[in-house]
Structure formats: structure tokens, C-alpha cells
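J.: Coordinates in query.cif, mmCIF, C-alpha atoms, are listed below.
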```cif
data_start
loop_
_atom_site.label_atom_id
_atom_site.label_comp_id
_atom_site.auth_asym_id
_atom_site.auth_seq_id
_atom_site.Cartn_x
_atom_site.Cartn_y
_atom_site.Cartn_z
CA GLN A 1 0.00 0.00 0.00
CA ILE A 2 1.35 3.41 -0.96
CA THR A 3 1.08 6.25 1.52
CA LEU A 4 2.42 9.81 1.51
CA LYS A 5 2.29 12.43 4.25
CA GLU A 6 3.36 16.05 4.18
CA SER A 7 4.91 17.77 7.20
CA GLY A 8 6.44 21.12 8.04
CA PRO A 9 5.70 24.49 9.62
CA THR A 10 2.16 25.81 9.55
CA LEU A 11 3.32 29.45 9.67
CA VAL A 12 6.12 31.01 7.68
CA ARG A 13 7.14 34.67 7.75
CA PRO A 14 7.36 36.65 4.50
CA THR A 15 10.80 36.48 2.83
CA GLN A 16 11.67 33.30 4.75
CA THR A 17 12.18 29.92 3.10
CA LEU A 18 9.26 27.50 3.17
CA THR A 19 10.44 23.90 3.56
CA LEU A 20 8.11 20.90 3.53
CA THR A 21 8.84 17.18 3.80
CA CYS A 22 6.94 14.37 2.10
CA THR A 23 7.46 11.04 3.87
CA PHE A 24 6.30 8.07 1.84
CA SER A 25 6.03 4.29 2.02
CA GLY A 26 5.15 1.46 -0.33
CA PHE A 27 7.58 2.36 -3.08
CA SER A 28 11.25 3.06 -3.57
CA LEU A 29 12.69 6.12 -5.23
CA LYS A 30 15.29 3.78 -6.68
CA SER A 31 12.63 2.13 -8.87
CA ASP A 32 12.88 3.10 -12.51
CA GLY A 33 10.46 5.81 -13.49
CA VAL A 34 9.25 6.76 -10.02
CA GLY A 35 8.45 10.42 -9.39
CA VAL A 36 7.35 12.49 -6.38
CA GLY A 37 5.72 15.84 -7.06
CA TRP A 38 4.07 18.74 -5.30
CA ILE A 39 0.76 20.49 -5.91
CA ARG A 40 -0.75 23.32 -3.87
CA GLN A 41 -4.15 24.90 -3.45
CA PRO A 42 -4.66 28.42 -2.09
CA PRO A 43 -7.75 28.78 0.10
CA GLY A 44 -10.89 28.67 -2.05
CA LYS A 45 -8.89 28.50 -5.28
CA ALA A 46 -7.86 25.99 -7.92
CA LEU A 47 -5.12 23.38 -7.82
CA ASP A 48 -1.69 24.65 -8.79
CA TRP A 49 1.00 22.25 -9.99
CA LEU A 50 4.47 23.09 -8.61
CA GLY A 51 6.99 20.51 -9.74
CA ILE A 52 8.13 16.90 -9.80
CA LEU A 53 11.36 14.97 -9.20
CA TYR A 54 12.00 11.61 -10.85
CA TRP A 55 14.12 8.64 -9.82
CA ASP A 56 16.91 9.71 -12.18
CA ASP A 57 17.10 13.20 -10.57
CA SER A 58 15.36 14.87 -13.51
CA GLN A 59 13.21 17.76 -12.32
CA TYR A 60 10.36 19.72 -13.87
CA TYR A 61 8.96 22.93 -12.40
CA ARG A 62 6.18 25.43 -12.98
CA PRO A 63 8.02 28.06 -15.07
CA SER A 64 6.87 31.06 -13.00
CA LEU A 65 8.29 29.51 -9.81
CA LYS A 66 11.44 27.97 -11.22
CA THR A 67 13.78 30.54 -9.64
CA ARG A 68 12.31 30.02 -6.14
CA LEU A 69 11.41 26.33 -6.11
CA THR A 70 13.44 23.17 -5.56
CA VAL A 71 12.24 19.60 -5.12
CA SER A 72 14.91 17.26 -3.81
CA TRP A 73 15.32 13.89 -2.14
CA GLY A 74 15.43 14.03 1.63
CA PRO A 75 18.06 12.79 4.04
CA ALA A 76 16.06 9.57 4.47
CA GLU A 77 15.47 7.28 1.50
CA ASN A 78 11.70 7.67 1.83
CA GLN A 79 11.51 11.46 1.77
CA SER A 80 11.12 14.29 -0.70
CA ILE A 81 11.73 17.92 0.23
CA LEU A 82 10.03 21.00 -1.23
CA THR A 83 11.90 24.28 -0.76
CA LEU A 84 10.33 27.60 -1.73
CA THR A 85 12.50 30.67 -1.12
CA ASN A 86 11.38 34.24 -0.45
CA ALA A 87 7.92 33.23 0.78
CA ASP A 88 5.05 35.62 0.11
CA PRO A 89 1.47 35.72 1.43
CA VAL A 90 0.32 34.47 -2.00
CA ASP A 91 2.13 31.20 -1.18
CA THR A 92 -0.44 30.53 1.55
CA ALA A 93 -2.01 27.22 0.55
CA THR A 94 -2.59 23.57 1.28
CA TYR A 95 0.43 21.69 -0.10
CA PHE A 96 0.02 18.14 -1.40
CA CYS A 97 2.74 15.68 -2.33
CA VAL A 98 1.94 13.10 -4.99
CA TYR A 99 3.42 9.85 -6.32
CA ARG A 100 3.75 8.93 -9.95
CA ARG A 101 4.52 5.32 -10.76
CA ALA A 102 6.48 6.02 -13.93
CA PHE A 103 7.59 8.87 -16.13
CA GLY A 104 5.35 8.97 -19.17
CA ALA A 105 2.78 6.65 -17.61
CA ASP A 106 -0.85 6.88 -18.65
CA ARG A 107 -1.80 8.10 -15.18
CA PRO A 108 -0.31 11.47 -14.15
CA VAL A 109 -0.69 10.76 -10.43
CA ASP A 110 -1.12 7.44 -8.65
CA SER A 111 -1.45 8.59 -5.04
CA TRP A 112 -1.89 11.79 -3.03
CA GLY A 113 -0.92 12.80 0.47
CA PRO A 114 -3.64 14.34 2.68
CA GLY A 115 -2.08 17.81 2.39
CA THR A 116 -0.65 20.27 4.89
CA VAL A 117 -1.77 23.86 5.40
CA VAL A 118 0.87 26.58 5.29
CA THR A 119 0.19 30.23 6.03
CA VAL A 120 2.64 32.96 5.05
CA SER A 121 2.07 35.95 7.27
CA ALA A 122 3.96 38.44 9.39
CA ASP B 1 2.50 27.21 -19.88
CA ILE B 2 -0.40 25.41 -21.48
CA GLN B 3 -3.58 27.18 -20.37
CA MET B 4 -6.61 25.11 -19.40
CA THR B 5 -10.05 26.72 -19.52
CA GLN B 6 -12.97 24.94 -17.88
CA SER B 7 -16.62 25.80 -18.27
CA PRO B 8 -18.85 26.46 -16.58
CA SER B 9 -17.26 27.70 -13.35
CA THR B 10 -20.39 26.76 -11.40
CA LEU B 11 -23.15 24.39 -12.38
CA SER B 12 -26.46 24.04 -10.58
CA ALA B 13 -28.05 20.64 -11.03
CA SER B 14 -30.40 18.13 -9.46
CA VAL B 15 -30.05 14.48 -8.60
CA GLY B 16 -30.69 12.45 -11.74
CA ASP B 17 -29.50 15.16 -14.14
CA ARG B 18 -27.01 14.57 -16.92
CA VAL B 19 -24.06 16.91 -16.37
CA THR B 20 -21.37 17.96 -18.84
CA ILE B 21 -18.20 19.91 -18.04
CA THR B 22 -15.85 21.06 -20.76
CA CYS B 23 -12.15 21.78 -20.74
CA ARG B 24 -10.28 23.53 -23.52
CA ALA B 25 -6.48 23.58 -23.84
CA SER B 26 -4.43 26.35 -25.40
CA GLN B 27 -2.56 23.79 -27.49
CA ASN B 28 -2.81 20.19 -28.62
CA LEU B 29 -2.64 17.66 -25.75
CA ASN B 30 -3.31 14.53 -27.80
CA SER B 31 -5.08 12.58 -25.04
CA TRP B 32 -2.91 13.56 -22.09
CA LEU B 33 -5.73 14.87 -19.93
CA ALA B 34 -7.10 13.81 -16.55
CA TRP B 35 -10.23 14.69 -14.57
CA TYR B 36 -10.41 14.92 -10.79
CA GLN B 37 -13.17 15.28 -8.21
CA GLN B 38 -12.46 17.19 -5.02
CA LYS B 39 -14.54 17.56 -1.89
CA PRO B 40 -13.86 20.21 0.81
CA GLY B 41 -10.84 19.49 2.95
CA LYS B 42 -9.83 16.43 0.92
CA ALA B 43 -7.20 15.61 -1.64
CA PRO B 44 -8.49 15.32 -5.21
CA LYS B 45 -9.55 11.93 -6.50
CA MET B 46 -8.76 10.99 -10.09
CA LEU B 47 -11.78 9.94 -12.13
CA ILE B 48 -10.48 9.76 -15.69
CA TYR B 49 -7.02 9.65 -17.24
CA LYS B 50 -5.76 9.60 -20.82
CA ALA B 51 -8.92 11.61 -21.64
CA SER B 52 -11.32 8.67 -21.55
CA THR B 53 -9.97 5.86 -19.33
CA LEU B 54 -12.05 5.35 -16.21
CA GLU B 55 -9.95 5.00 -13.08
CA SER B 56 -10.43 1.72 -11.22
CA GLY B 57 -13.27 1.88 -8.70
CA VAL B 58 -14.89 4.97 -10.21
CA PRO B 59 -18.59 4.52 -11.05
CA SER B 60 -19.43 4.04 -14.69
CA ARG B 61 -21.74 7.07 -14.68
CA PHE B 62 -18.55 9.11 -15.13
CA SER B 63 -17.09 9.27 -18.63
CA GLY B 64 -14.55 11.36 -20.47
CA SER B 65 -14.15 12.17 -24.13
CA GLY B 66 -12.17 14.36 -26.47
CA SER B 67 -8.68 14.74 -27.82
CA GLY B 68 -6.46 17.53 -29.07
CA THR B 69 -7.72 20.71 -27.40
CA ASP B 70 -11.34 20.00 -26.45
CA PHE B 71 -12.39 17.59 -23.73
CA THR B 72 -15.57 16.71 -21.86
CA LEU B 73 -16.43 15.09 -18.55
CA THR B 74 -19.96 13.70 -18.38
CA ILE B 75 -21.88 12.43 -15.38
CA SER B 76 -24.76 10.46 -16.85
CA THR B 77 -27.06 10.46 -13.82
CA LEU B 78 -26.02 12.82 -11.04
CA GLN B 79 -25.96 11.24 -7.58
CA PRO B 80 -25.94 13.03 -4.18
CA ASP B 81 -22.29 12.04 -3.69
CA ASP B 82 -21.31 13.82 -6.91
CA PHE B 83 -21.79 17.35 -5.61
CA ALA B 84 -18.18 18.52 -5.57
CA THR B 85 -15.62 20.52 -7.54
CA TYR B 86 -14.13 19.02 -10.69
CA TYR B 87 -10.77 19.84 -12.27
CA CYS B 88 -9.14 18.96 -15.55
CA GLN B 89 -5.36 18.62 -15.76
CA GLN B 90 -3.05 18.42 -18.73
CA TYR B 91 0.11 16.35 -18.51
CA TYR B 92 1.18 16.59 -22.13
CA SER B 93 3.95 19.06 -21.34
CA SER B 94 6.60 18.55 -18.68
CA SER B 95 4.99 21.47 -16.80
CA TRP B 96 1.50 20.32 -15.85
CA THR B 97 -1.44 22.70 -15.46
CA PHE B 98 -4.95 22.49 -14.04
CA GLY B 99 -8.19 24.12 -15.07
CA GLN B 100 -9.79 26.61 -12.71
CA GLY B 101 -12.42 24.13 -11.55
CA THR B 102 -16.16 23.56 -11.92
CA LYS B 103 -18.29 23.48 -8.80
CA VAL B 104 -21.34 21.26 -9.14
CA GLU B 105 -23.95 22.39 -6.65
CA ILE B 106 -27.55 21.64 -5.87
#
```
Now that the file is in, can you turn its structure into C-alpha cells?

T.:
Amino acid sequence: QITLKESGPTLVRPTQTLTLTCTFSGFSLKSDGVGVGWIRQPPGKALDWLGILYWDDSQYYRPSLKTRLTVSWGPAENQSILTLTNADPVDTATYFCVYRRAFGADRPVDSWGPGTVVTVSA
Amino acid sequence: DIQMTQSPSTLSASVGDRVTITCRASQNLNSWLAWYQQKPGKAPKMLIYKASTLESGVPSRFSGSGSGTDFTLTISTLQPDDFATYYCQQYYSSSWTFGQGTKVEI
């Protein structure tokens, strides 16, 4: 069974760096094709795709956030880290991590985490 | 970015109605389009992928069609559990994008 869970601070000050961890089980990031991505949703608004990191370290990001956003593997083998620099109140959102079984697969996403709420405010 | 435009933004319907939501892409997606259902406070649930493939466990009253730039999600007979917000998502490009959502309300 595949599970993912997001964790991190609930409040971040403007200009600080927002860092979230996705801890997963049921798959290995060493498996060919595997990807872990991040999607966010501001309160009352639409889903917003952020980026994805694949097993071979290839990364794809939303162009408008590319200079501020990094998705990396965590210190533990079952973790992915999202780092968003220079946080702004518009970054206030629920952040979801997602699992993709294989690059180029018919399904874009195979599993979602429950999401974690982050508020950017002074 | 590929822009995704959903319509309508809000749809008022009754149990038993046939409901259609459309999604238009700013460029050709072939069939690389998915549909999701989201309820308040929950992660989205995928209903359809590759434009018309029903996800396992999703009721057959949901169907997807289209290719290229124009896509449709149809709920054949609306059930009480179907009142939710629906999103389309393109994954043709390496930078994915979502539509702005369609809220189906009573």
C-alpha cells in the first residue's frame, strides 16, 4: 500500500524559506520511473502544480516559480523535500505531495498525500 | 505554460440530471488529460485519465471524451455524492497545469 504524508511548519514569515517534507512508504525512489511531485491549493482556489522529481534526478517545475522552487530527495530514503524561497502571502495554501509510478505513464498521479496547510504571514 | 479553460465555473443541477463539463487547452494535448473530483478538505480523487480511461473503482456514470484541445467530462445520472468541484489537468507538457475548476452544486 502506498502512503504519503506532508509535514512542516504551519506558519512562515514573508521572505523566509518554506520547507516541507513528504514522507512516503510502499515504493522506492530507486525504482525506474518513479516520481514524487508537489501540488498546492490556495484557500478557495484551484489546484496549482508546482513541480516533480523523478528517480533519475530529472526535475520539472512550474516556469513562473522555477527561480524560487526546488524539489529534492530528503536525508532519508523515503523522503522528498520542497523548498520555496522568499515566501510571500500568495504562497499561503494547502500543499500536497503526490506519487507517480512512472515517467510517461498513462496516469499522471497514482497517489496523493492528505495535504498540509501553510500560512505565510507576518 | 499550457492554459486550461474549464466551463462552466459553477453548475447548478439536481439528482438524476445529466451533467457535462468542458475543458479547452491552449494547445494540442493529444489525449494527455485527466479529470479529478475534489470535496472540501480532501485531496483530489482521479476519475479519468488519458482523456477517456475510467480509473479503477470509479462509477461508470462518469465518462470522459475528447482529444487535441477539447475535452468533456460527463456524469450520466447525477448522484448526491457527486456534488463537488471538478478539475481537468493536462500532462502533455513537462509542466503540468490544471483548469480553474467547476463546482457542481444543488

J.: Calculated over all atoms listed in the file, which of the candidates B:Asn28, B:Gln3, B:Thr74, B:Thr10 has the smallest distance to Val104 of chain B?

T.: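 Comparing B:Asn28, B:Gln3, B:Thr74, B:Thr10 against Val104 of chain B, the winner is B:Thr10.
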
J.: Using only C-alpha atoms, select each residue of chain B with any atom at most 7 Å away from an atom of chain A, and give the selection as a list in words.

T.: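 Matching residues, ligands excluded from the count: Lys42, Ala43, Tyr49, Lys50, Tyr91, Ser94, Ser95, Trp96, Thr97, Phe98, Gln100 and Gly101 of chain B.
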
J.: Find the residue from A:Asn86, A:Thr17, A:Thr23, A:Ser72 that sits nearest to Leu4 of chain A; use all atoms listed in the file when measuring.

T.: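 For Leu4 of chain A, the nearest of the given residues is A:Thr23.
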
J.: Suppose you want the space between atom CA of Cys22 of chain A and atom CA of Gly8 of chain A; what is it in Å?

T.: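 Interatomic distance, atom CA of Cys22 of chain A to atom CA of Gly8 of chain A: 9.0 Å.
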
J.: Can you tell me how far atom CA of Ser52 of chain B sits from atom CA of Ser65 of chain B, in Å to one decimal?

T.: 5.2 Å

J.: Name every residue that the PyMOL selection byres ((chain B and resi 6-9) around 7) selects in this structure, writing the answer as an MDAnalysis selection string with chains first and numbers rising.

T.: chainID B and resid 4:5 10:11 21:24 99:103

J.: Pick out the closest residue to Pro9 of chain A from this set: A:Leu69, A:Val118, A:Ala93, A:Val34. Count all atoms listed in the file.

T.: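 Between A:Leu69, A:Val118, A:Ala93, A:Val34, the residue approaching Pro9 of chain A most closely is A:Val118.
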
J.: Could you state which residues are captured by the PyMOL selection byres ((chain B and resi 33-38) around 9) in this file, as number ranges by chain?

T.: A: 107-108; B: 29-32, 39-53, 64, 67, 71, 73, 82, 84-92

J.: What does the PyMOL selection byres ((chain B and resi 78) around 9) select in this file, as a count of residues only?

T.: 16

J.: Could you jot down the atom CA of Ser121 of chain A to atom CA of Pro75 of chain A separation for me, Å, one decimal place?

T.: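 A separation of 28.3 Å between them.
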
J.: Return the padded bounding box of segment 44-53 of chain B as JSON: axis-aligned, built from all atoms listed in the file, 5 Å added on each side, with centre and edge lengths in Å to one decimal.

T.:
```
{"center_x": -8.8, "center_y": 10.6, "center_z": -13.4, "size_x": 16.0, "size_y": 19.5, "size_z": 26.4}
```
